Each structure stands twice: as structure tokens, then as C-alpha cells.
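So the structure is just underneath, and the comments pick up after that.
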Amino acid sequence: MLSRVRFTLAAEEKAVRALTKALDSSFVEAVELLTSRRGKIIITGVGKSGFVGMKMAASFTSLGHPAFFLNPLDALHGDAGMVSSGDVVISISFSGESIEAVKLIAHLRKTSKIAHITITGRSISRLASLSDVALLTYITEEGSPLGLAPMASTTAALVMGDLLASALTSPESFKKGQFAKFHPGGTLGLSLRAVKEVMTSGEQLPSVREGVSFGQALEEITNKKLGIVGVVNQRSILVGTVTDGDIRRILLKYDEPKSLSARSVMTKNPKFVYAEATLKEALAVMEEFRVTSLFVVDSKKKLLGVVHIHDIVENSLGL
């Protein structure tokens, strides 16, 4: 079994390494077509190639190049209307002879002024002949049992798509903030968004000076409805917190707690997070210390805001 698996792995590794042959003038021409397009990027393919096309479209879009996958069979029954002049169509077919893809491209060539790039393993094929640029993927073995199921060929096509997306995306023009905009949810979104983007601040931020009474701190907690208040000194430096849990302990300990100062009842050296930290980093602090809120400070520990675990959950869901 392991020898068969190693054979498959070797075949796919060989297919990927062979892509260096495809990084030639044809690849540059394909990138130029995509860069200078006036319309959309449309990717099409049948079967396994179709799944590769879906992933390719997703990669382009996530990097700021709007793209979508078009099923060639659906296109032949009405969805071809989604294609218009100025679009660039990328077809994927290792044989270059996929009937549905060939019919679709032939139709589009007659009815629209599109550019066509094909990713194929055969330079002499109908899709290649219908293309402005043919990007060739070279394989000697599929690596699958009996060599019947597409494995190395689809791996090569998948990587070719990544190479095109990489070539299109300049680090100078596409910033981390743009990537975060396209990935608001999940772990990736938490890794990209800064705490300062979602924190509660300004008039909604619960905070009091350390010299005020416990009663005033209690009133601030009640009014701001976050179950916590930050205690700051005269320079607005965070020096402590009072939480709902602190309130219960204080009421049990003192008969007349309202006259006490916030300084005397606060929890000193509270846990905090810097404004530039990511939501993922803030969540890690919350989990480590088992807290649901963190105050947000600048490099000098000046209080800027507060972030609640609900804010992080909402962002992980892309809400």
C-alpha cells in the first residue's frame, strides 16, 4: 500500500516540478491578458477540472481579482449570457478535448470578443487551437490506480492557477488590509483584523477615574451595560478594573460600600491587549486567563477601548 502511495506522490511531485517549463513567454502573455482585461475572469472546466476551476476562481477573488466559475454544460443551456466582450475565459482540460468546454469556447469565440487561455496537457488539441494562449502542464504518469483517475494532471492545473494568481497580485498594490476585507470570518479573519477595528470606545467605553466612589463606578457599569469598568489615573493610564464579580464580593465584604473609592476596590494590574493586536491574539489572552472582556490600550497603557468575547465571535462568523 505504501509503495502505491509513494508512486502517487512521486507522480504529483514530478508534475509540479515540470511546471517550470511552462513559465515561459506564453505564461507572461497569459498574465498580460489577465492584467489588461476590461471585463471579468471566467473559469470553466468539466468534472475534476471543474473543481480545480472553482478553487482557482476563489483564489483570484480572494486576492482582489473578481472571478467566477462557469459550468460549461449550464453555459450551453443559457448561462453563456454571463459572458461578455472584454472578459477573459480560462478553460481547464488536460486532454484539451472536453466536448462541453470545446463547444462553449467555440460559441463564445463566435459571439463575443473574449480572450481565451487554456490550461491543458496537449498543445495539439481543439481547446489549444481555440486559445490565445495555451499553458501546458506536463505529466508522464497520473499516479492513480491503472492511470485512469486524474491526479497528477489536476494537481498541475491547480498549481498553475496559483501561479497565475500570484503573478497577478503585486504586494505593493495589494495590502494586508484588503485581504482582511475579503476574509472577514473564521480563523483567518481573526488573524487579520486588529482589536482596534472592533473595540468599544468613545462615549460607550466604561471608565472612571481612580478617585471616584464605588457608587459612581457601579453607576458606570450599569449605564454602559458591559459588566465591567476600567479605572484610570489622571493621565488616562489603565490602573485597574471593577467587574460584576468584584461587585458581588464587595457587597458581601462591606456594609456601606458606596462610599469607598474605586481605587480601594478595583482589581489592580488588569489583563489588557494592545490596540494593534489581532482578534486571534486577544482571544488567546481571554482563554488563558478565563476572562470575557479585555481593555485595549496604547503603547503607554493609555485606555482606548474594550473588546468583549462577543465581538470576536461575531467576527469569526463574518457578521
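Naming scheme: A, B, ... for chains in displayed order of the C-alpha cells; residues 1 onward per chain; ligands 1 onward as shown.
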
At most 8 Å is the cut-off: for each residue in range 240-277 of chain A with any atom that close to an atom of range 206-220 of chain A, write down the nearest atom pair and the distance in Å rounded to one decimal, counting only C-alpha atoms, chain first then increasing number, as JSON lines.
```
{"residue": "A:Val242", "atom": "CA", "partner": "A:Ala217", "partner_atom": "CA", "distance": 7.7}
{"residue": "A:Ile247", "atom": "CA", "partner": "A:Leu218", "partner_atom": "CA", "distance": 7.8}
{"residue": "A:Pro257", "atom": "CA", "partner": "A:Phe214", "partner_atom": "CA", "distance": 6.7}
{"residue": "A:Lys258", "atom": "CA", "partner": "A:Gly215", "partner_atom": "CA", "distance": 4.4}
{"residue": "A:Ser259", "atom": "CA", "partner": "A:Ser213", "partner_atom": "CA", "distance": 5.7}
{"residue": "A:Leu260", "atom": "CA", "partner": "A:Phe214", "partner_atom": "CA", "distance": 5.4}
{"residue": "A:Ser261", "atom": "CA", "partner": "A:Ser213", "partner_atom": "CA", "distance": 4.1}
{"residue": "A:Ala262", "atom": "CA", "partner": "A:Phe214", "partner_atom": "CA", "distance": 4.8}
{"residue": "A:Arg263", "atom": "CA", "partner": "A:Glu210", "partner_atom": "CA", "distance": 4.8}
{"residue": "A:Val265", "atom": "CA", "partner": "A:Phe214", "partner_atom": "CA", "distance": 7.4}
```

How would the residues just picked look written out with N, CA and C atoms as a JSON list (two decimals), in the first residue's frame?
```
[["chain", "number", "residue", "atom", "x", "y", "z"],
["A", 242, "VAL", "N", -13.07, 47.11, 37.63],
["A", 242, "VAL", "CA", -14.10, 46.62, 38.54],
["A", 242, "VAL", "C", -15.11, 45.88, 37.67],
["A", 247, "ILE", "N", -18.15, 43.32, 42.20],
["A", 247, "ILE", "CA", -19.27, 43.97, 42.90],
["A", 247, "ILE", "C", -19.89, 43.02, 43.93],
["A", 257, "PRO", "N", -20.60, 49.99, 51.07],
["A", 257, "PRO", "CA", -19.52, 50.04, 50.07],
["A", 257, "PRO", "C", -19.53, 51.27, 49.16],
["A", 258, "LYS", "N", -20.68, 51.94, 49.05],
["A", 258, "LYS", "CA", -20.79, 53.02, 48.06],
["A", 258, "LYS", "C", -19.83, 54.18, 48.34],
["A", 259, "SER", "N", -19.46, 54.36, 49.59],
["A", 259, "SER", "CA", -18.56, 55.47, 49.93],
["A", 259, "SER", "C", -17.09, 55.14, 49.69],
["A", 260, "LEU", "N", -16.80, 53.89, 49.43],
["A", 260, "LEU", "CA", -15.42, 53.51, 49.14],
["A", 260, "LEU", "C", -14.99, 54.07, 47.81],
["A", 261, "SER", "N", -13.68, 54.26, 47.63],
["A", 261, "SER", "CA", -13.18, 54.76, 46.34],
["A", 261, "SER", "C", -13.01, 53.59, 45.37],
["A", 262, "ALA", "N", -13.07, 53.94, 44.09],
["A", 262, "ALA", "CA", -12.84, 52.91, 43.07],
["A", 262, "ALA", "C", -11.45, 52.31, 43.22],
["A", 263, "ARG", "N", -10.49, 53.14, 43.61],
["A", 263, "ARG", "CA", -9.12, 52.68, 43.79],
["A", 263, "ARG", "C", -9.02, 51.58, 44.84],
["A", 265, "VAL", "N", -11.24, 49.35, 45.74],
["A", 265, "VAL", "CA", -11.95, 48.10, 45.48],
["A", 265, "VAL", "C", -11.57, 47.47, 44.12]]
```

Worksheet item: Could you write out, as number ranges by chain, all the residues of range 207-299 of chain A that DSSP marks as helix (DSSP H, G or I)?
Response: A: 214-224, 244-253, 257-259, 262-265, 279-289

Worksheet item: Expressed in Å to a single decimal, how great is the separation between CA of Gly240 in chain A and CA of Ile312 in chain A?
Response: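 Interatomic distance, CA of Gly240 in chain A to CA of Ile312 in chain A: 22.8 Å.
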
Item to complete: List the neighbours of Thr120 in chain A out to 10 Å using only C-alpha atoms; skip same-chain residues closer than 3 positions along the sequence, and give me the result as a list in words.
Response: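 Counting only the stated atoms, we get Ser91, Ile92, Ser93, Phe94, Ser95, Gly96, Glu97, Ile117, Ser123, Ile124, Ser125, Leu127, Ala128, Ala134, Leu135, Leu136, Thr137, Tyr138, Ser153, Thr154, Ala156 and Ala157 of chain A.
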
Mind checking which residues fall within 12 Å of Ser112 in chain A, counting only C-alpha atoms, ignoring those fewer than 2 positions away in the same chain, and posting them as a PDB file with N, CA and C atoms, in the first residue's frame?
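For reference, out.pdb as written:
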```pdb
ATOM      1  N   GLY A  39     -12.928  43.267 -18.676  1.00  0.00           N
ATOM      2  CA  GLY A  39     -14.084  42.620 -18.060  1.00  0.00           C
ATOM      3  C   GLY A  39     -13.701  41.685 -16.930  1.00  0.00           C
ATOM      4  N   ALA A  80     -24.392  31.126 -20.816  1.00  0.00           N
ATOM      5  CA  ALA A  80     -23.377  31.812 -21.626  1.00  0.00           C
ATOM      6  C   ALA A  80     -23.627  33.310 -21.656  1.00  0.00           C
ATOM      7  N   GLY A  81     -24.850  33.708 -21.311  1.00  0.00           N
ATOM      8  CA  GLY A  81     -25.175  35.137 -21.248  1.00  0.00           C
ATOM      9  C   GLY A  81     -24.412  35.862 -20.166  1.00  0.00           C
ATOM     10  N   MET A  82     -23.760  35.135 -19.269  1.00  0.00           N
ATOM     11  CA  MET A  82     -22.959  35.758 -18.216  1.00  0.00           C
ATOM     12  C   MET A  82     -21.623  36.255 -18.751  1.00  0.00           C
ATOM     13  N   VAL A  83     -21.274  35.815 -19.966  1.00  0.00           N
ATOM     14  CA  VAL A  83     -20.008  36.202 -20.576  1.00  0.00           C
ATOM     15  C   VAL A  83     -20.235  37.368 -21.523  1.00  0.00           C
ATOM     16  N   SER A  84     -19.340  38.338 -21.472  1.00  0.00           N
ATOM     17  CA  SER A  84     -19.471  39.497 -22.354  1.00  0.00           C
ATOM     18  C   SER A  84     -18.117  39.884 -22.918  1.00  0.00           C
ATOM     19  N   SER A  85     -18.148  40.730 -23.940  1.00  0.00           N
ATOM     20  CA  SER A  85     -16.904  41.170 -24.567  1.00  0.00           C
ATOM     21  C   SER A  85     -16.007  41.848 -23.538  1.00  0.00           C
ATOM     22  N   GLY A  86     -14.712  41.584 -23.636  1.00  0.00           N
ATOM     23  CA  GLY A  86     -13.752  42.135 -22.689  1.00  0.00           C
ATOM     24  C   GLY A  86     -13.393  41.178 -21.578  1.00  0.00           C
ATOM     25  N   ASP A  87     -14.162  40.065 -21.458  1.00  0.00           N
ATOM     26  CA  ASP A  87     -13.854  39.070 -20.436  1.00  0.00           C
ATOM     27  C   ASP A  87     -12.686  38.197 -20.890  1.00  0.00           C
ATOM     28  N   VAL A  88     -12.030  37.591 -19.905  1.00  0.00           N
ATOM     29  CA  VAL A  88     -11.001  36.581 -20.179  1.00  0.00           C
ATOM     30  C   VAL A  88     -11.516  35.254 -19.640  1.00  0.00           C
ATOM     31  N   VAL A  89     -11.590  34.257 -20.516  1.00  0.00           N
ATOM     32  CA  VAL A  89     -12.068  32.935 -20.121  1.00  0.00           C
ATOM     33  C   VAL A  89     -10.873  31.989 -20.027  1.00  0.00           C
ATOM     34  N   LEU A 104     -18.414  25.279 -25.790  1.00  0.00           N
ATOM     35  CA  LEU A 104     -18.609  26.588 -25.165  1.00  0.00           C
ATOM     36  C   LEU A 104     -17.626  27.617 -25.711  1.00  0.00           C
ATOM     37  N   ILE A 105     -16.352  27.275 -25.754  1.00  0.00           N
ATOM     38  CA  ILE A 105     -15.344  28.226 -26.225  1.00  0.00           C
ATOM     39  C   ILE A 105     -15.572  28.573 -27.693  1.00  0.00           C
ATOM     40  N   ALA A 106     -15.917  27.575 -28.505  1.00  0.00           N
ATOM     41  CA  ALA A 106     -16.180  27.839 -29.924  1.00  0.00           C
ATOM     42  C   ALA A 106     -17.351  28.814 -30.078  1.00  0.00           C
ATOM     43  N   HIS A 107     -18.377  28.619 -29.245  1.00  0.00           N
ATOM     44  CA  HIS A 107     -19.541  29.520 -29.295  1.00  0.00           C
ATOM     45  C   HIS A 107     -19.154  30.935 -28.860  1.00  0.00           C
ATOM     46  N   LEU A 108     -18.408  31.041 -27.765  1.00  0.00           N
ATOM     47  CA  LEU A 108     -18.023  32.363 -27.262  1.00  0.00           C
ATOM     48  C   LEU A 108     -17.112  33.094 -28.241  1.00  0.00           C
ATOM     49  N   ARG A 109     -16.260  32.356 -28.923  1.00  0.00           N
ATOM     50  CA  ARG A 109     -15.359  32.973 -29.897  1.00  0.00           C
ATOM     51  C   ARG A 109     -16.144  33.590 -31.056  1.00  0.00           C
ATOM     52  N   LYS A 110     -17.281  32.990 -31.359  1.00  0.00           N
ATOM     53  CA  LYS A 110     -18.095  33.491 -32.467  1.00  0.00           C
ATOM     54  C   LYS A 110     -18.974  34.668 -32.050  1.00  0.00           C
ATOM     55  N   ILE A 114     -13.873  37.871 -26.614  1.00  0.00           N
ATOM     56  CA  ILE A 114     -13.223  37.441 -25.378  1.00  0.00           C
ATOM     57  C   ILE A 114     -11.790  37.046 -25.674  1.00  0.00           C
ATOM     58  N   ALA A 115     -10.991  36.978 -24.622  1.00  0.00           N
ATOM     59  CA  ALA A 115      -9.668  36.361 -24.711  1.00  0.00           C
ATOM     60  C   ALA A 115      -9.785  34.991 -24.065  1.00  0.00           C
ATOM     61  N   HIS A 116      -9.100  34.008 -24.604  1.00  0.00           N
ATOM     62  CA  HIS A 116      -9.209  32.653 -24.085  1.00  0.00           C
ATOM     63  C   HIS A 116      -7.827  32.088 -23.757  1.00  0.00           C
TER      64      HIS A 116
END
```

Identify all residues of range 52-267 of chain A in strand (DSSP E or B) (DSSP on the backbone) and supply them as a compact mmCIF listing (two decimals) with N, CA and C atoms, in the first residue's frame.
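Writing the result to result09.txt gives the following:
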```txt
# COMPACT_ATOMS: atom_id res chain seq x y z
N ALA A 67 -13.54 36.93 -10.03
CA ALA A 67 -13.60 35.81 -10.95
C ALA A 67 -14.75 34.90 -10.53
N PHE A 68 -15.28 34.13 -11.47
CA PHE A 68 -16.28 33.14 -11.11
C PHE A 68 -16.16 31.92 -12.01
N PHE A 69 -16.67 30.80 -11.51
CA PHE A 69 -16.63 29.55 -12.26
C PHE A 69 -17.92 29.41 -13.05
N VAL A 88 -12.03 37.59 -19.90
CA VAL A 88 -11.00 36.58 -20.18
C VAL A 88 -11.52 35.25 -19.64
N VAL A 89 -11.59 34.26 -20.52
CA VAL A 89 -12.07 32.94 -20.12
C VAL A 89 -10.87 31.99 -20.03
N ILE A 90 -10.79 31.29 -18.90
CA ILE A 90 -9.75 30.28 -18.71
C ILE A 90 -10.42 28.92 -18.72
N SER A 91 -10.06 28.07 -19.66
CA SER A 91 -10.60 26.71 -19.69
C SER A 91 -9.54 25.74 -19.19
N ILE A 92 -10.00 24.70 -18.49
CA ILE A 92 -9.10 23.69 -17.94
C ILE A 92 -9.50 22.33 -18.48
N ALA A 115 -10.99 36.98 -24.62
CA ALA A 115 -9.67 36.36 -24.71
C ALA A 115 -9.79 34.99 -24.07
N HIS A 116 -9.10 34.01 -24.60
CA HIS A 116 -9.21 32.65 -24.09
C HIS A 116 -7.83 32.09 -23.76
N ILE A 117 -7.69 31.66 -22.50
CA ILE A 117 -6.48 30.97 -22.05
C ILE A 117 -6.88 29.56 -21.69
N THR A 118 -6.16 28.59 -22.18
CA THR A 118 -6.46 27.22 -21.78
C THR A 118 -5.28 26.64 -21.01
N ILE A 119 -5.62 25.84 -20.00
CA ILE A 119 -4.62 25.08 -19.24
C ILE A 119 -4.81 23.63 -19.64
N THR A 120 -3.87 23.07 -20.36
CA THR A 120 -4.04 21.75 -20.93
C THR A 120 -2.71 21.00 -20.99
N VAL A 133 -3.76 31.85 -25.72
CA VAL A 133 -2.56 31.33 -25.06
C VAL A 133 -2.88 29.95 -24.49
N ALA A 134 -2.00 28.99 -24.73
CA ALA A 134 -2.13 27.66 -24.15
C ALA A 134 -1.03 27.47 -23.12
N LEU A 135 -1.42 27.24 -21.87
CA LEU A 135 -0.46 26.96 -20.80
C LEU A 135 -0.39 25.45 -20.62
N LEU A 136 0.75 24.87 -20.91
CA LEU A 136 0.88 23.43 -20.95
C LEU A 136 1.34 22.86 -19.61
N ALA A 194 -7.54 43.77 13.42
CA ALA A 194 -6.96 44.31 14.65
C ALA A 194 -8.05 44.58 15.68
N THR A 200 -15.06 48.65 21.60
CA THR A 200 -15.98 49.70 22.03
C THR A 200 -15.15 50.85 22.57
N SER A 207 -15.50 53.75 31.80
CA SER A 207 -14.27 54.09 32.51
C SER A 207 -14.55 55.16 33.55
N VAL A 208 -13.78 55.13 34.63
CA VAL A 208 -13.88 56.12 35.69
C VAL A 208 -12.48 56.44 36.18
N ARG A 209 -12.33 57.60 36.82
CA ARG A 209 -11.07 57.95 37.46
C ARG A 209 -10.95 57.20 38.78
N SER A 213 -16.04 57.41 43.70
CA SER A 213 -16.55 56.44 44.66
C SER A 213 -16.94 55.13 43.96
N ILE A 228 -18.38 45.65 33.21
CA ILE A 228 -17.01 45.96 33.60
C ILE A 228 -16.77 47.45 33.45
N VAL A 229 -15.83 47.98 34.23
CA VAL A 229 -15.44 49.37 34.09
C VAL A 229 -13.92 49.46 34.27
N GLY A 230 -13.29 50.27 33.43
CA GLY A 230 -11.86 50.49 33.57
C GLY A 230 -11.58 51.65 34.49
N VAL A 231 -10.59 51.51 35.35
CA VAL A 231 -10.22 52.57 36.28
C VAL A 231 -8.90 53.17 35.80
N VAL A 232 -8.90 54.49 35.60
CA VAL A 232 -7.72 55.17 35.06
C VAL A 232 -7.24 56.24 36.02
N ILE A 237 -4.18 56.50 32.21
CA ILE A 237 -3.50 55.21 32.17
C ILE A 237 -4.35 54.19 32.91
N LEU A 238 -4.54 53.02 32.32
CA LEU A 238 -5.33 51.97 32.94
C LEU A 238 -4.59 51.44 34.17
N VAL A 239 -5.23 51.53 35.33
CA VAL A 239 -4.60 51.07 36.57
C VAL A 239 -5.39 49.95 37.24
N GLY A 240 -6.63 49.72 36.80
CA GLY A 240 -7.43 48.67 37.43
C GLY A 240 -8.77 48.48 36.74
N THR A 241 -9.53 47.50 37.23
CA THR A 241 -10.87 47.25 36.72
C THR A 241 -11.79 46.89 37.87
N VAL A 242 -13.07 47.11 37.63
CA VAL A 242 -14.10 46.62 38.54
C VAL A 242 -15.11 45.88 37.67
N THR A 243 -15.40 44.63 38.04
CA THR A 243 -16.32 43.81 37.26
C THR A 243 -17.56 43.46 38.07
N SER A 261 -13.68 54.26 47.63
CA SER A 261 -13.18 54.76 46.34
C SER A 261 -13.01 53.59 45.37
N THR A 267 -9.55 45.76 40.92
CA THR A 267 -8.53 44.74 40.71
C THR A 267 -7.35 45.40 40.01
```

Worksheet item: Which distance in Å separates CA of Ala11 in chain A and CA of Gly143 in chain A, to one decimal?
Response: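 Here the two named atoms are 5.2 Å from each other.
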
Worksheet item: Expressed in Å to a single decimal, how great is the separation between CA of Lys302 in chain A and CA of Ala275 in chain A?
Response: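 Value for the CA of Lys302 in chain A-CA of Ala275 in chain A distance: 10.4 Å.
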
Discussion item. Which residues are near range 287-294 of chain A? Cut-off 9 Å, only C-alpha atoms, ignore same chain within fewer than 4 positions. Put them as a list in words.
Written reply: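 The neighbour list is Leu226, Gly227, Ile228, Pro270, Lys271, Phe272, Val273, Ala282, Leu283, Gly305, Val306, Val307, His308, Ile309 and His310 of chain A.
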
Residues of the last selection are to be written out with N, CA and C atoms, as a compact mmCIF listing (two decimals), in the first residue's frame.
```
# COMPACT_ATOMS: atom_id res chain seq x y z
N LEU A 226 -21.77 46.64 30.04
CA LEU A 226 -20.78 45.67 29.60
C LEU A 226 -20.26 44.82 30.75
N GLY A 227 -20.75 45.09 31.96
CA GLY A 227 -20.36 44.27 33.10
C GLY A 227 -18.96 44.52 33.60
N ILE A 228 -18.38 45.65 33.21
CA ILE A 228 -17.01 45.96 33.60
C ILE A 228 -16.77 47.45 33.45
N PRO A 270 -4.76 44.85 35.74
CA PRO A 270 -5.73 44.06 34.96
C PRO A 270 -5.12 43.54 33.66
N LYS A 271 -5.71 42.50 33.13
CA LYS A 271 -5.28 41.98 31.83
C LYS A 271 -5.75 42.94 30.74
N PHE A 272 -4.91 43.15 29.76
CA PHE A 272 -5.24 44.09 28.68
C PHE A 272 -4.65 43.58 27.38
N VAL A 273 -4.97 44.27 26.29
CA VAL A 273 -4.43 43.94 24.98
C VAL A 273 -4.13 45.25 24.26
N ALA A 282 -6.11 38.48 20.99
CA ALA A 282 -6.97 38.86 22.11
C ALA A 282 -7.72 37.64 22.64
N LEU A 283 -8.20 36.79 21.73
CA LEU A 283 -8.92 35.59 22.14
C LEU A 283 -8.01 34.66 22.94
N GLY A 305 -10.10 51.54 24.68
CA GLY A 305 -11.36 50.86 24.43
C GLY A 305 -11.45 49.56 25.20
N VAL A 306 -12.48 48.77 24.88
CA VAL A 306 -12.67 47.47 25.48
C VAL A 306 -13.21 46.54 24.41
N VAL A 307 -12.74 45.29 24.43
CA VAL A 307 -13.23 44.30 23.48
C VAL A 307 -13.81 43.13 24.27
N HIS A 308 -15.00 42.69 23.85
CA HIS A 308 -15.71 41.60 24.52
C HIS A 308 -15.63 40.36 23.64
N ILE A 309 -15.72 39.20 24.26
CA ILE A 309 -15.63 37.96 23.51
C ILE A 309 -16.72 37.87 22.45
N HIS A 310 -17.87 38.51 22.69
CA HIS A 310 -18.94 38.51 21.68
C HIS A 310 -18.50 39.21 20.40
```

Worksheet entry | Among the residues A:Val102, A:Leu76, A:Leu33, A:Leu168, the one that comes closest to Ser59 in chain A [using only C-alpha atoms] |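 Comparing A:Val102, A:Leu76, A:Leu33, A:Leu168 against Ser59 in chain A, the winner is A:Leu168.
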
Worksheet, complete the sentence: Restricting to only C-alpha atoms, whichever of A:Met56, A:Met151, A:Leu251, A:Ile41 is closest to Ala15 in chain A is A:Met151
